[in-house]
file coords.pdb (PDB, C-alpha atoms)
MODEL        1
ATOM      1  CA  MET A   1     -23.549   0.086 -19.741
ATOM      2  CA  PRO A   2     -21.499   0.821 -16.598
ATOM      3  CA  GLN A   3     -17.816   1.323 -17.330
ATOM      4  CA  VAL A   4     -14.678   0.752 -15.280
ATOM      5  CA  LYS A   5     -12.842   3.989 -14.507
ATOM      6  CA  THR A   6      -9.324   3.581 -15.911
ATOM      7  CA  LEU A   7      -6.081   5.482 -15.272
ATOM      8  CA  ILE A   8      -3.006   5.392 -17.526
ATOM      9  CA  VAL A   9       0.201   5.691 -15.481
ATOM     10  CA  HIS A  10       3.290   6.086 -17.693
ATOM     11  CA  ALA A  11       6.110   8.621 -17.989
ATOM     12  CA  ASP A  12       6.187   8.641 -21.809
ATOM     13  CA  PRO A  13       3.495  10.925 -23.334
ATOM     14  CA  ALA A  14       3.648   8.969 -26.609
ATOM     15  CA  VAL A  15       2.876   5.698 -24.825
ATOM     16  CA  ARG A  16       0.050   7.336 -22.879
ATOM     17  CA  ALA A  17      -1.435   8.662 -26.122
ATOM     18  CA  GLY A  18      -1.095   5.246 -27.759
ATOM     19  CA  LEU A  19      -2.783   3.518 -24.826
ATOM     20  CA  ARG A  20      -5.609   6.026 -24.798
ATOM     21  CA  GLN A  21      -6.177   5.436 -28.520
ATOM     22  CA  LEU A  22      -6.044   1.648 -28.056
ATOM     23  CA  LEU A  23      -8.544   1.763 -25.180
ATOM     24  CA  ALA A  24     -10.900   4.198 -26.894
ATOM     25  CA  GLY A  25     -12.834   1.410 -28.583
ATOM     26  CA  VAL A  26     -13.263  -0.688 -25.424
ATOM     27  CA  GLU A  27     -16.824  -0.231 -24.154
ATOM     28  CA  ALA A  28     -16.108  -1.782 -20.749
ATOM     29  CA  LEU A  29     -13.336   0.713 -19.901
ATOM     30  CA  ARG A  30     -13.456   4.488 -19.584
ATOM     31  CA  VAL A  31     -10.124   6.317 -19.430
ATOM     32  CA  LEU A  32     -10.417   9.099 -16.863
ATOM     33  CA  GLY A  33      -7.003  10.677 -16.659
ATOM     34  CA  GLU A  34      -3.284  10.124 -17.051
ATOM     35  CA  ALA A  35      -0.385  10.247 -14.601
ATOM     36  CA  ALA A  36       3.374  10.370 -15.145
ATOM     37  CA  THR A  37       4.508   9.503 -11.595
ATOM     38  CA  ALA A  38       3.407   7.283  -8.724
ATOM     39  CA  PHE A  39       2.602  10.340  -6.610
ATOM     40  CA  GLU A  40       0.289  11.745  -9.305
ATOM     41  CA  ALA A  41      -1.441   8.360  -9.575
ATOM     42  CA  LEU A  42      -2.037   8.166  -5.823
ATOM     43  CA  GLU A  43      -3.364  11.721  -5.740
ATOM     44  CA  MET A  44      -5.814  10.914  -8.532
ATOM     45  CA  LEU A  45      -6.841   7.657  -6.863
ATOM     46  CA  GLU A  46      -7.831   9.623  -3.744
ATOM     47  CA  ALA A  47     -10.244  11.665  -5.875
ATOM     48  CA  ILE A  48     -11.533   9.013  -8.291
ATOM     49  CA  PRO A  49     -12.263   5.346  -7.446
ATOM     50  CA  TYR A  50     -10.370   3.818 -10.370
ATOM     51  CA  GLY A  51     -11.034   0.188 -11.187
ATOM     52  CA  VAL A  52      -8.024  -0.396 -13.473
ATOM     53  CA  PHE A  53      -4.492   1.009 -13.736
ATOM     54  CA  PHE A  54      -2.487   0.564 -16.945
ATOM     55  CA  LEU A  55       0.867   0.962 -15.235
ATOM     56  CA  SER A  56       4.524   1.200 -16.251
ATOM     57  CA  PRO A  57       6.944  -0.810 -14.051
ATOM     58  CA  GLY A  58       9.442   2.063 -14.190
ATOM     59  CA  LEU A  59       8.291   5.548 -13.208
ATOM     60  CA  PRO A  60      10.384   8.680 -12.555
ATOM     61  CA  GLY A  61      10.904   9.864  -8.993
ATOM     62  CA  PRO A  62      11.507   7.969  -5.769
ATOM     63  CA  THR A  63       8.690   5.448  -6.330
ATOM     64  CA  SER A  64       8.714   3.027  -9.264
ATOM     65  CA  GLY A  65       5.677   1.368 -10.767
ATOM     66  CA  MET A  66       6.558  -1.845  -8.927
ATOM     67  CA  GLU A  67       6.748   0.005  -5.611
ATOM     68  CA  LEU A  68       3.416   1.673  -6.379
ATOM     69  CA  ALA A  69       1.890  -1.787  -6.919
ATOM     70  CA  GLN A  70       3.341  -2.866  -3.591
ATOM     71  CA  MET A  71       1.735   0.120  -1.863
ATOM     72  CA  LEU A  72      -1.635  -0.506  -3.505
ATOM     73  CA  ALA A  73      -1.567  -4.133  -2.350
ATOM     74  CA  GLY A  74      -2.048  -2.941   1.228
ATOM     75  CA  ARG A  75      -5.255  -1.038   0.459
ATOM     76  CA  ARG A  76      -8.692  -2.414   1.265
ATOM     77  CA  THR A  77      -9.926  -1.382  -2.162
ATOM     78  CA  ARG A  78      -7.498  -1.200  -5.026
ATOM     79  CA  PRO A  79      -7.553  -1.050  -8.825
ATOM     80  CA  ALA A  80      -6.725  -4.026 -10.996
ATOM     81  CA  LEU A  81      -3.202  -3.658 -12.397
ATOM     82  CA  VAL A  82      -2.227  -4.143 -16.032
ATOM     83  CA  PHE A  83       1.493  -3.504 -16.459
ATOM     84  CA  VAL A  84       2.725  -1.943 -19.697
ATOM     85  CA  ALA A  85       6.442  -2.538 -20.295
ATOM     86  CA  ASP A  86       9.130  -2.496 -22.987
ATOM     87  CA  ASP A  87      10.223  -6.086 -22.321
ATOM     88  CA  GLU A  88       9.426  -9.139 -20.212
ATOM     89  CA  SER A  89      12.195  -8.647 -17.631
ATOM     90  CA  GLN A  90       9.846  -7.698 -14.786
ATOM     91  CA  ALA A  91       6.865  -9.859 -15.674
ATOM     92  CA  TYR A  92       7.453 -12.443 -12.934
ATOM     93  CA  LYS A  93       7.632  -9.791 -10.234
ATOM     94  CA  ALA A  94       4.543  -8.047 -11.646
ATOM     95  CA  PHE A  95       2.437 -11.202 -11.339
ATOM     96  CA  GLU A  96       3.803 -11.775  -7.831
ATOM     97  CA  LEU A  97       2.368  -8.357  -6.970
ATOM     98  CA  GLY A  98      -1.055  -9.411  -8.220
ATOM     99  CA  ALA A  99      -1.016  -8.056 -11.767
ATOM    100  CA  VAL A 100      -3.940  -9.090 -13.949
ATOM    101  CA  ASP A 101      -1.802  -8.890 -17.101
ATOM    102  CA  TYR A 102       1.583  -7.759 -18.420
ATOM    103  CA  LEU A 103       1.551  -6.071 -21.844
ATOM    104  CA  ILE A 104       4.640  -5.588 -24.001
ATOM    105  CA  TRP A 105       4.340  -2.203 -25.708
ATOM    106  CA  PRO A 106       3.393  -1.544 -28.443
ATOM    107  CA  ALA A 107       0.418  -3.862 -28.029
ATOM    108  CA  THR A 108      -2.058  -4.917 -30.700
ATOM    109  CA  PRO A 109      -5.859  -4.808 -30.385
ATOM    110  CA  GLU A 110      -5.808  -8.629 -30.475
ATOM    111  CA  ARG A 111      -3.454  -8.732 -27.489
ATOM    112  CA  LEU A 112      -5.639  -6.215 -25.658
ATOM    113  CA  ASP A 113      -8.591  -8.572 -26.125
ATOM    114  CA  MET A 114      -6.676 -11.135 -24.050
ATOM    115  CA  THR A 115      -6.229  -8.535 -21.327
ATOM    116  CA  LEU A 116      -9.970  -7.828 -21.311
ATOM    117  CA  VAL A 117     -10.699 -11.542 -20.959
ATOM    118  CA  ARG A 118      -8.413 -11.672 -17.937
ATOM    119  CA  LEU A 119     -10.064  -8.599 -16.441
ATOM    120  CA  LYS A 120     -13.477 -10.194 -16.915
ATOM    121  CA  GLY A 121     -12.276 -13.326 -15.169
ATOM    122  CA  LEU A 122     -11.160 -11.649 -11.966
ATOM    123  CA  SER A 123     -11.664 -13.620  -8.769
ATOM    124  CA  PRO A 124     -14.829 -12.593  -6.841
ATOM    125  CA  GLY A 125     -12.595 -12.005  -3.821
ATOM    126  CA  PHE A 126     -10.550  -9.351  -5.634
ATOM    127  CA  LYS A 127     -11.658  -5.965  -4.254
ATOM    128  CA  GLN A 128     -11.831  -3.085  -6.717
ATOM    129  CA  ALA A 129     -12.482   0.564  -6.139
ATOM    130  CA  GLN A 130     -15.253   0.657  -8.745
ATOM    131  CA  PRO A 131     -17.786  -1.983  -9.874
ATOM    132  CA  ALA A 132     -16.310  -3.394 -13.051
ATOM    133  CA  GLY A 133     -19.246  -3.087 -15.420
ATOM    134  CA  ALA A 134     -21.774  -5.340 -17.047
ATOM    135  CA  TRP A 135     -19.331  -8.139 -17.818
ATOM    136  CA  LEU A 136     -18.507  -8.486 -14.110
ATOM    137  CA  GLU A 137     -22.154  -8.089 -13.126
ATOM    138  CA  GLU A 138     -22.952 -11.159 -15.216
ATOM    139  CA  ARG A 139     -20.272 -13.063 -13.312
ATOM    140  CA  SER A 140     -21.739 -11.968  -9.985
ATOM    141  CA  ALA A 141     -25.229 -13.015 -11.025
ATOM    142  CA  SER A 142     -23.928 -16.419 -12.051
ATOM    143  CA  ALA A 143     -22.136 -16.791  -8.726
ATOM    144  CA  GLN A 144     -25.340 -15.953  -6.849
ATOM    145  CA  ASP A 145     -27.193 -18.716  -8.733
ATOM    146  CA  ASP A 146     -24.659 -21.223  -7.372
ATOM    147  CA  GLN A 147     -24.931 -20.064  -3.763
ATOM    148  CA  GLN A 148     -26.556 -22.302  -1.182
ATOM    149  CA  THR A 149     -27.528 -21.792   2.448
ATOM    150  CA  LEU A 150     -26.719 -24.520   4.944
ATOM    151  CA  SER A 151     -28.749 -24.429   8.189
ATOM    152  CA  LEU A 152     -27.203 -26.020  11.276
ATOM    153  CA  PRO A 153     -29.061 -26.518  14.598
ATOM    154  CA  ILE A 154     -27.637 -25.017  17.819
ATOM    155  CA  GLU A 155     -27.671 -27.243  20.874
ATOM    156  CA  GLU A 156     -29.668 -25.831  23.797
ATOM    157  CA  GLU A 157     -26.621 -25.529  26.062
ATOM    158  CA  GLU A 158     -24.756 -23.633  23.308
ATOM    159  CA  GLU A 159     -27.531 -21.163  22.559
ATOM    160  CA  GLY A 160     -26.817 -18.799  25.477
ATOM    161  CA  PRO A 161     -23.063 -18.367  24.829
ATOM    162  CA  PHE A 162     -23.739 -18.003  21.102
ATOM    163  CA  ILE A 163     -26.299 -15.218  21.558
ATOM    164  CA  SER A 164     -23.999 -13.475  24.058
ATOM    165  CA  ALA A 165     -21.051 -13.604  21.635
ATOM    166  CA  LEU A 166     -23.241 -12.371  18.789
ATOM    167  CA  LYS A 167     -24.485  -9.384  20.800
ATOM    168  CA  GLN A 168     -20.925  -8.499  21.778
ATOM    169  CA  ALA A 169     -19.745  -8.695  18.171
ATOM    170  CA  TRP A 170     -22.520  -6.338  17.043
ATOM    171  CA  ASP A 171     -22.157  -3.909  19.949
ATOM    172  CA  LEU A 172     -20.719  -0.922  18.090
ATOM    173  CA  THR A 173     -20.453   1.105  21.307
ATOM    174  CA  GLN A 174     -17.581  -1.063  22.504
ATOM    175  CA  LYS A 175     -14.172   0.020  21.294
ATOM    176  CA  LYS A 176     -11.905  -2.980  21.095
ATOM    177  CA  LYS A 177      -8.222  -2.218  21.522
ATOM    178  CA  PRO A 178      -6.140  -4.099  18.950
ATOM    179  CA  VAL A 179      -3.504  -6.477  20.256
ATOM    180  CA  ASP A 180       0.040  -5.189  19.676
ATOM    181  CA  ILE A 181       2.307  -8.103  18.752
ATOM    182  CA  GLU A 182       5.327  -5.749  18.462
ATOM    183  CA  LYS A 183       5.695  -6.513  14.776
ATOM    184  CA  LEU A 184       4.867  -4.187  11.882
ATOM    185  CA  PRO A 185       2.984  -5.792   8.957
ATOM    186  CA  ILE A 186       4.542  -4.738   5.641
ATOM    187  CA  THR A 187       3.270  -5.827   2.223
ATOM    188  CA  LEU A 188       6.171  -7.024   0.067
ATOM    189  CA  ASP A 189       6.003  -8.795  -3.323
ATOM    190  CA  GLY A 190       2.453 -10.000  -2.750
ATOM    191  CA  ARG A 191       3.074 -11.298   0.771
ATOM    192  CA  THR A 192       2.921  -9.773   4.243
ATOM    193  CA  LEU A 193       6.186  -9.432   6.152
ATOM    194  CA  LEU A 194       5.969  -9.092   9.948
ATOM    195  CA  LEU A 195       8.902  -6.857  10.856
ATOM    196  CA  PRO A 196       9.872  -6.917  14.571
ATOM    197  CA  TYR A 197      10.054  -3.441  16.067
ATOM    198  CA  PRO A 198      13.698  -3.802  17.257
ATOM    199  CA  GLN A 199      14.825  -4.368  13.663
ATOM    200  CA  ILE A 200      13.495  -0.947  12.634
ATOM    201  CA  LEU A 201      16.219   1.719  12.806
ATOM    202  CA  PHE A 202      14.095   4.657  11.728
ATOM    203  CA  VAL A 203      11.061   5.662   9.685
ATOM    204  CA  GLU A 204      11.148   8.376   7.023
ATOM    205  CA  ALA A 205       8.020  10.233   5.924
ATOM    206  CA  TYR A 206       7.259  10.344   2.202
ATOM    207  CA  GLU A 207       4.150  12.330   1.266
ATOM    208  CA  ASP A 208       1.241  10.378   2.826
ATOM    209  CA  TYR A 209       3.361   7.221   3.017
ATOM    210  CA  SER A 210       6.639   6.224   4.670
ATOM    211  CA  PHE A 211       9.890   4.344   4.225
ATOM    212  CA  VAL A 212      10.702   1.911   7.065
ATOM    213  CA  HIS A 213      14.476   1.447   7.334
ATOM    214  CA  THR A 214      16.331  -1.546   8.784
ATOM    215  CA  ALA A 215      20.089  -2.150   8.824
ATOM    216  CA  GLN A 216      19.908  -4.018   5.504
ATOM    217  CA  GLN A 217      16.868  -2.696   3.632
ATOM    218  CA  LYS A 218      14.139  -0.078   3.379
ATOM    219  CA  TYR A 219      10.459  -0.792   2.768
ATOM    220  CA  LEU A 220       7.911   1.530   1.190
ATOM    221  CA  THR A 221       4.692   1.338   3.233
ATOM    222  CA  SER A 222       1.230   2.920   3.195
ATOM    223  CA  TYR A 223       1.565   4.024   6.844
ATOM    224  CA  ARG A 224       1.561   7.710   7.715
ATOM    225  CA  LEU A 225       4.377   8.817  10.000
ATOM    226  CA  LYS A 226       1.883  10.149  12.542
ATOM    227  CA  ASN A 227       0.215   6.732  12.802
ATOM    228  CA  LEU A 228       3.555   4.981  13.226
ATOM    229  CA  GLU A 229       4.547   7.509  15.893
ATOM    230  CA  GLU A 230       1.454   6.546  17.894
ATOM    231  CA  ARG A 231       2.097   2.845  17.378
ATOM    232  CA  LEU A 232       5.857   2.765  17.952
ATOM    233  CA  GLY A 233       6.177   5.565  20.530
ATOM    234  CA  PRO A 234       5.529   3.263  23.537
ATOM    235  CA  HIS A 235       8.283   0.963  22.240
ATOM    236  CA  GLY A 236      11.220   3.374  22.401
ATOM    237  CA  PHE A 237      10.724   5.315  19.178
ATOM    238  CA  PHE A 238      11.027   9.119  19.170
ATOM    239  CA  ARG A 239       9.967  11.738  16.599
ATOM    240  CA  VAL A 240      13.215  13.685  16.142
ATOM    241  CA  HIS A 241      12.019  15.646  13.134
ATOM    242  CA  ARG A 242       8.810  16.194  11.168
ATOM    243  CA  LYS A 243      10.099  13.626   8.662
ATOM    244  CA  PHE A 244      11.878  11.134  10.917
ATOM    245  CA  LEU A 245      10.894   8.700  13.661
ATOM    246  CA  VAL A 246      13.901   6.924  15.203
ATOM    247  CA  ASN A 247      14.394   3.834  17.357
ATOM    248  CA  LEU A 248      16.344   5.156  20.367
ATOM    249  CA  GLU A 249      17.748   1.678  21.025
ATOM    250  CA  ALA A 250      19.539   1.960  17.679
ATOM    251  CA  VAL A 251      21.106   5.367  18.410
ATOM    252  CA  THR A 252      24.845   5.201  19.061
ATOM    253  CA  GLU A 253      25.779   8.892  19.122
ATOM    254  CA  ILE A 254      24.368  12.417  19.311
ATOM    255  CA  ALA A 255      26.577  15.016  17.625
ATOM    256  CA  SER A 256      26.307  18.787  17.762
ATOM    257  CA  LEU A 257      26.683  20.703  14.517
ATOM    258  CA  PRO A 258      27.412  24.362  13.715
ATOM    259  CA  GLY A 259      24.458  26.693  14.125
ATOM    260  CA  GLY A 260      22.977  24.897  17.119
ATOM    261  CA  GLN A 261      21.935  21.863  15.069
ATOM    262  CA  PHE A 262      22.151  18.272  16.262
ATOM    263  CA  MET A 263      22.486  14.930  14.514
ATOM    264  CA  LEU A 264      21.705  11.361  15.575
ATOM    265  CA  ARG A 265      23.807   8.475  14.329
ATOM    266  CA  THR A 266      22.333   4.982  14.239
ATOM    267  CA  GLN A 267      23.897   1.546  14.352
ATOM    268  CA  GLY A 268      24.047  -0.883  11.475
ATOM    269  CA  LYS A 269      26.387  -1.764   8.650
ATOM    270  CA  THR A 270      25.839   1.694   7.221
ATOM    271  CA  ARG A 271      25.890   4.494   9.795
ATOM    272  CA  ILE A 272      22.896   6.734   9.233
ATOM    273  CA  GLU A 273      22.732  10.342  10.338
ATOM    274  CA  LEU A 274      19.367  11.899  11.147
ATOM    275  CA  PRO A 275      18.680  15.574  11.840
ATOM    276  CA  ILE A 276      17.020  16.656  15.100
ATOM    277  CA  SER A 277      14.841  19.755  15.037
ATOM    278  CA  ARG A 278      15.549  22.437  17.649
ATOM    279  CA  ARG A 279      12.025  22.019  18.965
ATOM    280  CA  ARG A 280      12.669  18.352  19.692
ATOM    281  CA  ILE A 281      16.169  18.409  21.172
ATOM    282  CA  GLY A 282      15.042  19.453  24.663
ATOM    283  CA  GLU A 283      12.433  16.702  24.834
ATOM    284  CA  LEU A 284      14.939  14.173  23.523
ATOM    285  CA  LYS A 285      17.467  15.095  26.216
ATOM    286  CA  GLN A 286      14.804  14.497  28.868
ATOM    287  CA  VAL A 287      14.016  11.099  27.377
ATOM    288  CA  LEU A 288      17.707  10.149  27.391
ATOM    289  CA  GLY A 289      18.315  11.642  30.876
ATOM    290  CA  LEU A 290      20.892  14.170  29.638
TER     291      LEU A 290
ENDMDL
END
call {"tool": "encode", "arguments": {"input": "coords.pdb", "output": "structure tokens"}}
result
Amino acid sequence: MPQVKTLIVHADPAVRAGLRQLLAGVEALRVLGEAATAFEALEMLEAIPYGVFFLSPGLPGPTSGMELAQMLAGRRTRPALVFVADDESQAYKAFELGAVDYLIWPATPERLDMTLVRLKGLSPGFKQAQPAGAWLEERSASAQDDQQTLSLPIEEEEEGPFISALKQAWDLTQKKKPVDIEKLPITLDGRTLLLPYPQILFVEAYEDYSFVHTAQQKYLTSYRLKNLEERLGPHGFFRVHRKFLVNLEAVTEIASLPGGQFMLRTQGKTRIELPISRRRIGELKQVLGL
């Protein structure tokens, strides 16, 4: 029987061991690894197409379990999320982020059975990194039995434009340039926020991801800094450092520091100082006409 590849993501070794023991008797799931931080989980997900994460809401380091769920929500394929927590305080937010279930630890085998029922009943539209096993295959087969094909005639005068549009859609040699609406889509609490470029003060690289900073808040995103540099560069953003991309419209001051270093200060309720690498300062002065 095919099994769903499962990852346990929790900082407490005792909880991880308890979860592994609890899941050992579940034929539909196969535990392939453990992680103590969000970064470890993402690294393992790059190597193994996990279908389920048993995830703690609170993880050590800069990225919590909730923030990890937010990052995974932006992926085309993602694992199903079962949160494992000490209390119910974050259950509402977990389900907003698309959690399949929220377990209070320690959990009983009877309570785990409820989780398995919920995993089996996943929506067909929910994309997973790994086919979920025989119990989901049965669901797919049942769905196929209910499918119908509806044939509609095309009027003669519509046939030409339709065929032309179809050929264009399937012409893989044409590279279609995406429309830039000057807003950055950011997944937040199960919804997509469209953040206008002028509201972004700067972007900070974090591993293969990034924090997008505004005057009031910062958002953890799945964008790489290099990709955002290409996207935001034509809109007044400048890469001042290997870790920072700054909106030049938000810069209020450039200060020189001892040792030939420079610092940018940005506007906003909290003044933010960003370092400028020596390699970049000459190019920045040209951009600013200094």
call {"tool": "atom_distance", "arguments": {"input": "coords.pdb", "atom1": "CA of Arg280 in chain A", "atom2": "CA of Leu228 in chain A"}}
result
17.4 Å
call {"tool": "residues_around", "arguments": {"input": "coords.pdb", "residues": "Leu81 in chain A", "least_positions_apart": "6", "cutoff": "6 Å", "atoms": "only C-alpha atoms", "output": "PyMOL selection string"}}
result
chain A and resi 52-53+99-100
call {"tool": "resolve_selection", "arguments": {"input": "coords.pdb", "expression": "the PyMOL selection byres ((chain A and resi 185) around 10)", "output": "ChimeraX atom specification"}}
result
/A:74,182-184,186-188,191-196,221
call {"tool": "resolve_selection", "arguments": {"input": "coords.pdb", "expression": "the PyMOL selection byres ((chain A and resi 39) around 10)", "output": "list in words"}}
result
Ala35, Ala36, Thr37, Ala38, Glu40, Ala41, Leu42, Glu43, Met44, Leu45, Leu59, Pro60, Gly61, Pro62, Thr63, Ser64, Leu68, Tyr206, Glu207 and Asp208 of chain A
call {"tool": "residues_near_point", "arguments": {"input": "coords.pdb", "point": "(6.8, 11.9, -20.3)", "cutoff": "12 Å", "atoms": "all atoms listed in the file", "output": "number ranges by chain"}}
result
A: 9-17, 34-37, 56, 58-60
call {"tool": "write_last_selection", "arguments": {"input": "coords.pdb", "atoms": "C-alpha atoms", "output": "PDB file, in the frame of the given file"}}
result
ATOM      1  CA  VAL A   9       0.201   5.691 -15.481  1.00  0.00           C
ATOM      2  CA  HIS A  10       3.290   6.086 -17.693  1.00  0.00           C
ATOM      3  CA  ALA A  11       6.110   8.621 -17.989  1.00  0.00           C
ATOM      4  CA  ASP A  12       6.187   8.641 -21.809  1.00  0.00           C
ATOM      5  CA  PRO A  13       3.495  10.925 -23.334  1.00  0.00           C
ATOM      6  CA  ALA A  14       3.648   8.969 -26.609  1.00  0.00           C
ATOM      7  CA  VAL A  15       2.876   5.698 -24.825  1.00  0.00           C
ATOM      8  CA  ARG A  16       0.050   7.336 -22.879  1.00  0.00           C
ATOM      9  CA  ALA A  17      -1.435   8.662 -26.122  1.00  0.00           C
ATOM     10  CA  GLU A  34      -3.284  10.124 -17.051  1.00  0.00           C
ATOM     11  CA  ALA A  35      -0.385  10.247 -14.601  1.00  0.00           C
ATOM     12  CA  ALA A  36       3.374  10.370 -15.145  1.00  0.00           C
ATOM     13  CA  THR A  37       4.508   9.503 -11.595  1.00  0.00           C
ATOM     14  CA  SER A  56       4.524   1.200 -16.251  1.00  0.00           C
ATOM     15  CA  GLY A  58       9.442   2.063 -14.190  1.00  0.00           C
ATOM     16  CA  LEU A  59       8.291   5.548 -13.208  1.00  0.00           C
ATOM     17  CA  PRO A  60      10.384   8.680 -12.555  1.00  0.00           C
TER      18      PRO A  60
END
call {"tool": "closest_residue", "arguments": {"input": "coords.pdb", "among": "A:Thr108, A:Phe202, A:Glu230, A:Leu29", "to": "Lys218 in chain A", "atoms": "only C-alpha atoms"}}
result
A:Phe202
call {"tool": "atom_distance", "arguments": {"input": "coords.pdb", "atom1": "CA of Ala28 in chain A", "atom2": "CA of Val4 in chain A"}}
result
6.2 Å
